[in-house]
file my_file-v3.txt (compact mmCIF, C-alpha atoms)
# COMPACT_ATOMS: atom_id res chain seq x y z
CA MET R 1 70.59 30.43 126.95
CA LEU R 2 70.51 32.16 123.56
CA ARG R 3 68.97 35.25 125.15
CA THR R 4 71.85 35.44 127.64
CA PHE R 5 74.36 35.13 124.82
CA TYR R 6 72.77 38.01 122.89
CA PHE R 7 72.66 40.08 126.06
CA ILE R 8 76.40 39.59 126.67
CA VAL R 9 77.31 40.32 123.05
CA GLY R 10 75.11 43.42 123.08
CA ALA R 11 76.63 44.66 126.34
CA LEU R 12 80.14 44.12 124.97
CA LEU R 13 79.34 46.04 121.78
CA ILE R 14 77.95 48.96 123.78
CA ALA R 15 81.01 48.92 126.03
CA ILE R 16 83.35 48.91 123.00
CA LEU R 17 81.44 51.78 121.41
CA LEU R 18 81.56 53.82 124.59
CA VAL R 19 85.28 53.20 125.08
CA GLY R 20 85.88 53.96 121.39
CA CYS R 21 84.16 57.33 121.70
CA LYS R 22 86.22 58.36 124.68
CA ALA R 23 88.90 60.86 123.69
CA ALA R 24 91.27 60.52 126.61
CA PRO R 25 94.81 61.89 126.21
CA PRO R 26 97.23 59.12 125.22
CA GLY R 27 99.56 57.84 127.94
CA LYS R 28 103.36 58.11 127.81
CA GLY R 29 103.78 54.54 126.59
CA GLU R 30 101.19 54.95 123.84
CA THR R 31 102.77 58.23 122.77
CA ALA R 32 106.25 56.69 122.63
CA VAL R 33 105.08 53.69 120.62
CA MET R 34 103.10 55.81 118.16
CA SER R 35 105.95 58.28 117.77
CA TRP R 36 108.37 55.46 116.96
CA ALA R 37 105.90 53.86 114.54
CA LYS R 38 105.26 57.14 112.72
CA HIS R 39 108.93 58.01 112.37
CA LYS R 40 110.07 54.54 111.35
CA VAL R 41 107.10 52.87 109.65
CA PHE R 42 104.06 54.91 108.73
CA VAL R 43 105.41 58.23 107.46
CA GLY R 44 107.10 57.75 104.12
CA ASN R 45 109.20 59.88 101.79
CA LYS R 46 112.14 59.93 104.17
CA ALA R 47 114.81 60.52 101.55
CA GLN R 48 113.30 63.33 99.46
CA LYS R 49 115.11 66.66 99.77
CA ASN R 50 113.48 70.07 99.81
CA PRO R 51 113.99 71.55 96.32
CA LEU R 52 113.61 75.13 97.58
CA LYS R 53 116.51 77.31 98.55
CA ASP R 54 116.83 77.79 102.30
CA ASP R 55 116.96 81.58 102.38
CA ALA R 56 114.98 84.48 103.82
CA ALA R 57 112.69 84.75 100.79
CA GLY R 58 111.90 81.03 100.90
CA VAL R 59 111.11 81.15 104.62
CA ALA R 60 108.92 84.23 104.13
CA GLY R 61 107.01 82.41 101.40
CA GLY R 62 106.54 79.44 103.70
CA LYS R 63 105.30 81.67 106.47
CA GLU R 64 102.72 83.16 104.12
CA ALA R 65 101.57 79.72 102.93
CA PHE R 66 101.40 78.54 106.56
CA THR R 67 98.96 81.33 107.34
CA HIS R 68 96.52 80.05 104.68
CA TYR R 69 94.97 77.68 107.14
CA CYS R 70 97.63 75.84 109.16
CA VAL R 71 97.34 78.63 111.72
CA ALA R 72 93.84 77.53 112.70
CA CYS R 73 95.33 74.56 114.61
CA HIS R 74 99.02 75.41 114.90
CA GLY R 75 98.98 79.16 115.53
CA LEU R 76 101.07 81.71 113.64
CA ASP R 77 104.23 80.48 115.30
CA GLY R 78 103.57 76.76 114.77
CA GLN R 79 103.55 76.36 118.53
CA ASN R 80 99.79 76.56 119.13
CA THR R 81 99.87 80.08 120.53
CA GLY R 82 96.28 81.28 120.90
CA VAL R 83 94.71 78.04 119.63
CA PRO R 84 91.96 77.42 122.18
CA PHE R 85 91.52 73.68 121.60
CA ALA R 86 95.14 72.60 121.10
CA ASP R 87 95.38 70.80 124.46
CA ARG R 88 91.90 69.34 124.31
CA MET R 89 92.39 67.23 121.20
CA SER R 90 93.46 63.62 121.42
CA PRO R 91 96.32 63.47 120.77
CA PRO R 92 96.93 67.15 121.59
CA VAL R 93 98.17 69.38 118.76
CA PRO R 94 101.96 69.14 118.99
CA SER R 95 104.34 72.07 119.00
CA LEU R 96 105.93 72.01 115.57
CA ALA R 97 109.14 73.34 117.10
CA GLY R 98 109.35 70.27 119.35
CA LYS R 99 111.84 67.44 118.94
CA ASP R 100 109.16 64.94 117.89
CA ILE R 101 108.32 67.02 114.80
CA GLN R 102 111.74 68.45 114.07
CA SER R 103 113.24 64.96 113.99
CA TYR R 104 111.27 64.10 110.86
CA THR R 105 113.20 64.58 107.63
CA ASP R 106 112.07 67.29 105.20
CA GLY R 107 110.60 64.60 102.97
CA GLN R 108 108.60 63.15 105.84
CA LEU R 109 107.23 66.57 106.78
CA LYS R 110 106.15 67.02 103.16
CA TRP R 111 104.48 63.58 103.29
CA ILE R 112 102.62 64.47 106.51
CA ILE R 113 101.32 67.72 105.02
CA ASP R 114 100.36 65.86 101.82
CA TYR R 115 98.54 62.96 103.42
CA GLY R 116 97.86 63.90 107.03
CA ILE R 117 98.29 61.72 110.08
CA TRP R 118 95.50 59.32 110.88
CA PRO R 119 93.89 59.07 113.43
CA SER R 120 95.07 62.46 114.73
CA GLY R 121 93.30 65.62 113.59
CA MET R 122 96.00 66.40 110.99
CA PRO R 123 94.35 66.45 107.54
CA GLY R 124 96.08 65.90 104.20
CA SER R 125 96.53 69.04 102.11
CA LYS R 126 97.65 67.59 98.78
CA LYS R 127 95.83 69.45 95.96
CA THR R 128 94.54 72.00 98.47
CA LEU R 129 98.06 73.41 98.61
CA SER R 130 100.53 73.17 95.75
CA ASP R 131 103.76 71.18 96.08
CA ASP R 132 105.61 74.47 95.93
CA GLU R 133 103.67 75.85 98.89
CA ILE R 134 104.04 72.66 100.90
CA TRP R 135 107.80 72.65 100.42
CA SER R 136 107.90 76.30 101.45
CA ILE R 137 105.94 75.41 104.59
CA VAL R 138 108.53 72.72 105.36
CA LEU R 139 111.15 75.46 105.06
CA TYR R 140 109.21 77.66 107.49
CA LEU R 141 108.92 74.77 109.96
CA ARG R 142 112.71 74.65 110.11
CA HIS R 143 112.84 78.35 111.01
CA LEU R 144 109.92 78.84 113.39
CA PRO R 145 109.99 82.05 115.42
CA PRO R 146 110.04 82.06 119.23
CA ALA R 147 106.77 80.88 120.77
CA GLY R 148 104.27 83.70 121.14
CA SER R 149 106.33 86.21 119.15
CA LEU R 150 103.74 86.53 116.37
CA GLY R 151 100.67 86.85 118.57
CA GLU R 152 97.46 84.92 118.10
CA PRO R 153 95.63 84.06 114.89
CA GLU R 154 93.18 86.79 113.95
CA MET R 155 90.28 84.33 113.91
CA TYR R 156 90.61 83.83 117.67
CA THR R 157 91.05 87.45 118.68
CA HIS R 158 87.58 88.84 117.95
CA MET N 1 107.42 135.78 55.81
CA LYS N 2 111.05 135.36 56.71
CA LEU N 3 112.00 132.40 58.93
CA LYS N 4 114.12 133.50 61.84
CA LEU N 5 116.57 130.95 63.26
CA SER N 6 116.86 131.92 66.87
CA PRO N 7 118.44 129.54 69.47
CA PRO N 8 115.05 128.77 71.15
CA SER N 9 113.44 127.83 67.82
CA ILE N 10 116.41 125.58 66.92
CA PHE N 11 116.16 123.89 70.33
CA ALA N 12 112.41 123.36 69.90
CA ALA N 13 112.92 121.85 66.45
CA ILE N 14 115.55 119.42 67.77
CA LEU N 15 113.26 118.44 70.62
CA VAL N 16 110.32 117.70 68.30
CA ALA N 17 112.55 115.68 65.98
CA ALA N 18 113.94 113.67 68.89
CA LEU N 19 110.46 112.88 70.17
CA LEU N 20 109.34 111.75 66.72
CA LEU N 21 112.38 109.52 66.41
CA ILE N 22 111.74 107.91 69.80
CA GLN N 23 108.09 107.24 68.92
CA ASN N 24 108.94 105.62 65.61
CA SER N 25 111.94 103.67 66.78
CA PRO N 26 111.50 99.94 65.97
CA GLY N 27 112.78 98.83 69.41
CA GLN N 28 110.12 100.75 71.29
CA HIS N 29 107.00 98.68 70.57
CA SER N 30 104.83 98.26 73.63
CA PRO N 31 104.93 94.73 75.02
CA ARG N 32 102.41 92.14 73.91
CA ARG N 33 99.46 91.96 76.28
CA ILE N 34 97.96 88.58 77.15
CA ALA N 35 94.63 88.39 78.95
CA VAL N 36 94.40 85.69 81.63
CA ILE N 37 91.26 84.94 83.59
CA ALA N 38 91.68 83.60 87.13
CA LYS N 39 88.81 81.74 88.71
CA ARG N 40 88.37 78.92 91.19
CA PHE N 41 90.39 76.75 90.44
CA GLN N 42 91.93 77.45 87.06
CA PHE N 43 93.57 80.00 84.82
CA GLU N 44 92.24 80.59 81.31
CA PRO N 45 94.19 79.98 79.20
CA ALA N 46 95.99 77.34 81.25
CA ALA N 47 99.11 77.47 79.06
CA ILE N 48 100.87 80.26 77.15
CA THR N 49 103.81 80.15 74.77
CA LEU N 50 106.31 83.02 74.93
CA LYS N 51 109.56 83.83 73.18
CA LYS N 52 112.75 84.12 75.16
CA GLY N 53 113.60 87.78 75.69
CA GLU N 54 110.22 89.02 74.50
CA PRO N 55 108.62 91.37 77.01
CA VAL N 56 104.95 90.60 77.63
CA VAL N 57 102.33 91.79 80.06
CA LEU N 58 99.94 89.32 81.61
CA VAL N 59 96.67 91.10 82.24
CA LEU N 60 95.30 88.99 85.08
CA THR N 61 91.62 89.36 85.91
CA SER N 62 89.83 87.61 88.74
CA VAL N 63 86.20 86.79 88.18
CA ASP N 64 85.54 85.59 91.71
CA VAL N 65 87.77 85.62 94.80
CA PRO N 66 91.29 87.06 95.20
CA HIS N 67 93.95 85.11 93.32
CA GLY N 68 97.62 85.41 92.51
CA ILE N 69 100.26 83.88 90.29
CA ARG N 70 103.84 83.00 91.18
CA PHE N 71 106.55 81.68 88.87
CA ARG N 72 109.20 80.98 91.46
CA GLU N 73 111.89 80.06 88.91
CA LEU N 74 111.38 83.30 87.00
CA GLY N 75 111.05 85.50 90.08
CA VAL N 76 107.66 86.72 88.93
CA GLU N 77 104.67 87.24 91.17
CA GLY N 78 101.43 89.21 91.11
CA LYS N 79 98.19 89.31 93.04
CA VAL N 80 94.71 90.36 92.05
CA GLY N 81 91.80 91.27 94.29
CA LYS N 82 88.25 89.98 94.11
CA GLY N 83 86.88 90.89 90.68
CA GLY N 84 89.92 93.05 89.95
CA THR N 85 92.65 93.23 87.30
CA THR N 86 96.39 93.51 87.63
CA GLU N 87 99.24 93.65 85.12
CA ILE N 88 102.31 91.47 85.47
CA ALA N 89 105.33 92.17 83.28
CA ILE N 90 107.47 89.21 82.24
CA THR N 91 110.53 89.01 80.05
CA PRO N 92 111.62 85.37 80.19
CA ASP N 93 115.39 85.10 80.16
CA ARG N 94 115.60 81.38 79.46
CA THR N 95 113.75 78.71 77.54
CA GLY N 96 111.81 75.92 79.17
CA THR N 97 108.50 75.09 80.76
CA PHE N 98 107.61 77.00 83.90
CA VAL N 99 104.60 76.22 86.05
CA GLY N 100 103.11 79.08 88.02
CA HIS N 101 100.81 78.49 90.96
CA CYS N 102 98.03 80.57 92.42
CA SER N 103 99.70 82.39 95.29
CA VAL N 104 96.61 83.50 97.22
CA PHE N 105 94.73 80.73 98.99
CA CYS N 106 91.37 80.44 97.27
CA GLY N 107 89.80 77.20 98.48
CA SER N 108 89.97 73.42 98.28
CA GLY N 109 91.36 73.24 94.73
CA HIS N 110 93.90 76.02 95.20
CA GLY N 111 96.85 73.65 95.01
CA GLU N 112 95.94 72.56 91.49
CA MET N 113 95.43 76.03 90.05
CA THR N 114 98.34 76.42 87.66
CA LEU N 115 99.39 78.42 84.62
CA THR N 116 102.11 76.95 82.40
CA LEU N 117 104.53 79.10 80.43
CA HIS N 118 106.32 77.49 77.50
CA VAL N 119 109.29 79.69 76.66
CA VAL N 120 110.83 79.02 73.26
CA GLU N 121 113.68 80.53 71.22

call {"tool": "encode", "arguments": {"input": "my_file-v3.txt", "output": "structure tokens"}}
result
Amino acid sequence: MLRTFYFIVGALLIAILLVGCKAAPPGKGETAVMSWAKHKVFVGNKAQKNPLKDDAAGVAGGKEAFTHYCVACHGLDGQNTGVPFADRMSPPVPSLAGKDIQSYTDGQLKWIIDYGIWPSGMPGSKKTLSDDEIWSIVLYLRHLPPAGSLGEPEMYTH
Amino acid sequence: MKLKLSPPSIFAAILVAALLLIQNSPGQHSPRRIAVIAKRFQFEPAAITLKKGEPVVLVLTSVDVPHGIRFRELGVEGKVGKGGTTEIAITPDRTGTFVGHCSVFCGSGHGEMTLTLHVVE
């Protein structure tokens, strides 16, 4: 009797581990629920305004900061151009020009870059990038160029 | 020997006098030079006190990877290559505390690499 119980518990644990390791793309329902939860609950700092001036120099600075290492996952254009694994992650790397990202407030975008989004692949960059750089990246995100217009990141072209 | 005052010699004398005057003029001192070392992930010194309106030159030397410094509020920026030196001229036009950040990505602590300028009257 006890042996059967241990067998069932063991089988369940193995099944849970196997399911947990599976990185299937999230369904539409799961995506919608998570998107709502992130926008409304999990991602803070909704009210903070970007202290940087929204001008050409500010955007250029943000573009430069973005190329430090954001490009590895998001491409030069923030729309995954040339990123070979963007569609194979779970969830896939989103286009930063898309409505789901652009509907965050500036403060929320800063929060996401600061702390990352768990359990997606987005890491937090607080202390790795300065506040000044992160705000400039937020500025760049609001002025992304057309998809593909900047080519592919150098790291993927040779 | 009799000194002859020809127009070319008068012109030369005026020129020499003008050059001497310019060299000795009190307003023409060369700006103060301040050595700053940049290394992962700090500037040494980490803080400098300047006088408003005083021209200075930051002599920025990297002892490891490429670095940079940007004081956005003062419109000042400079970059230095690996192991190199660059000079950055600053004449602060207002008092206050200004925090400059490394402007060339240099690794995991890059975001905390700052140089503070205290500008006083």

call {"tool": "interface_residues", "arguments": {"input": "my_file-v3.txt", "of": "chain R", "to": "chain N", "cutoff": "9 Å", "atoms": "all atoms listed in the file", "output": "list in words"}}
result
Ala65, His68, Tyr69, Ser125, Lys126, Lys127, Thr128, Leu129, Ser130, Asp131, Asp132 and Glu133 of chain R

call {"tool": "atom_distance", "arguments": {"input": "my_file-v3.txt", "atom1": "atom CA of Ile34 of chain N", "atom2": "atom CA of Pro66 of chain N"}}
result
19.3 Å

call {"tool": "closest_residue", "arguments": {"input": "my_file-v3.txt", "among": "N:Pro55, N:Gly75, N:Pro45, N:Pro8", "to": "Thr116 of chain N", "atoms": "all atoms listed in the file"}}
result
N:Pro45

call {"tool": "residues_around", "arguments": {"input": "my_file-v3.txt", "residues": "segment 58-62 of chain R", "least_positions_apart": "6", "cutoff": "8 Å", "atoms": "only C-alpha atoms", "output": "PyMOL selection string"}}
result
chain R and resi 52+133-140+143

call {"tool": "write_last_selection", "arguments": {"input": "my_file-v3.txt", "atoms": "C-alpha atoms", "output": "PDB file, keeping the file's coordinate frame"}}
result
ATOM      1  CA  LEU R  52     113.610  75.130  97.580  1.00  0.00           C
ATOM      2  CA  GLU R 133     103.670  75.850  98.890  1.00  0.00           C
ATOM      3  CA  ILE R 134     104.040  72.660 100.900  1.00  0.00           C
ATOM      4  CA  TRP R 135     107.800  72.650 100.420  1.00  0.00           C
ATOM      5  CA  SER R 136     107.900  76.300 101.450  1.00  0.00           C
ATOM      6  CA  ILE R 137     105.940  75.410 104.590  1.00  0.00           C
ATOM      7  CA  VAL R 138     108.530  72.720 105.360  1.00  0.00           C
ATOM      8  CA  LEU R 139     111.150  75.460 105.060  1.00  0.00           C
ATOM      9  CA  TYR R 140     109.210  77.660 107.490  1.00  0.00           C
ATOM     10  CA  HIS R 143     112.840  78.350 111.010  1.00  0.00           C
TER      11      HIS R 143
END

call {"tool": "residues_near_point", "arguments": {"input": "my_file-v3.txt", "point": "(108.2, 80.9, 84.0)", "cutoff": "8 Å", "atoms": "only C-alpha atoms", "output": "number ranges by chain"}}
result
N: 71-74, 76, 92, 96-100, 116-119

call {"tool": "residues_around", "arguments": {"input": "my_file-v3.txt", "residues": "Ala86 of chain R", "least_positions_apart": "3", "cutoff": "12 Å", "atoms": "all atoms listed in the file", "output": "number ranges by chain"}}
result
R: 25, 71-75, 78-83, 89-95, 120-122

call {"tool": "residues_around", "arguments": {"input": "my_file-v3.txt", "residues": "Val57 of chain N", "least_positions_apart": "5", "cutoff": "9 Å", "atoms": "all atoms listed in the file", "output": "MDAnalysis selection string"}}
result
chainID N and resid 31:35 87:91

call {"tool": "residues_around", "arguments": {"input": "my_file-v3.txt", "residues": "Pro123 of chain R", "least_positions_apart": "5", "cutoff": "10 Å", "atoms": "all atoms listed in the file", "output": "ChimeraX atom specification"}}
result
/R:112-118

call {"tool": "write_last_selection", "arguments": {"input": "my_file-v3.txt", "atoms": "C-alpha atoms", "output": "PDB file, keeping the file's coordinate frame"}}
result
ATOM      1  CA  ILE R 112     102.620  64.470 106.510  1.00  0.00           C
ATOM      2  CA  ILE R 113     101.320  67.720 105.020  1.00  0.00           C
ATOM      3  CA  ASP R 114     100.360  65.860 101.820  1.00  0.00           C
ATOM      4  CA  TYR R 115      98.540  62.960 103.420  1.00  0.00           C
ATOM      5  CA  GLY R 116      97.860  63.900 107.030  1.00  0.00           C
ATOM      6  CA  ILE R 117      98.290  61.720 110.080  1.00  0.00           C
ATOM      7  CA  TRP R 118      95.500  59.320 110.880  1.00  0.00           C
TER       8      TRP R 118
END

call {"tool": "atom_distance", "arguments": {"input": "my_file-v3.txt", "atom1": "atom CA of Lys51 of chain N", "atom2": "atom CA of Gly81 of chain N"}}
result
28.6 Å

call {"tool": "atom_distance", "arguments": {"input": "my_file-v3.txt", "atom1": "atom CA of Asn45 of chain R", "atom2": "atom CA of Gly107 of chain R"}}
result
5.1 Å
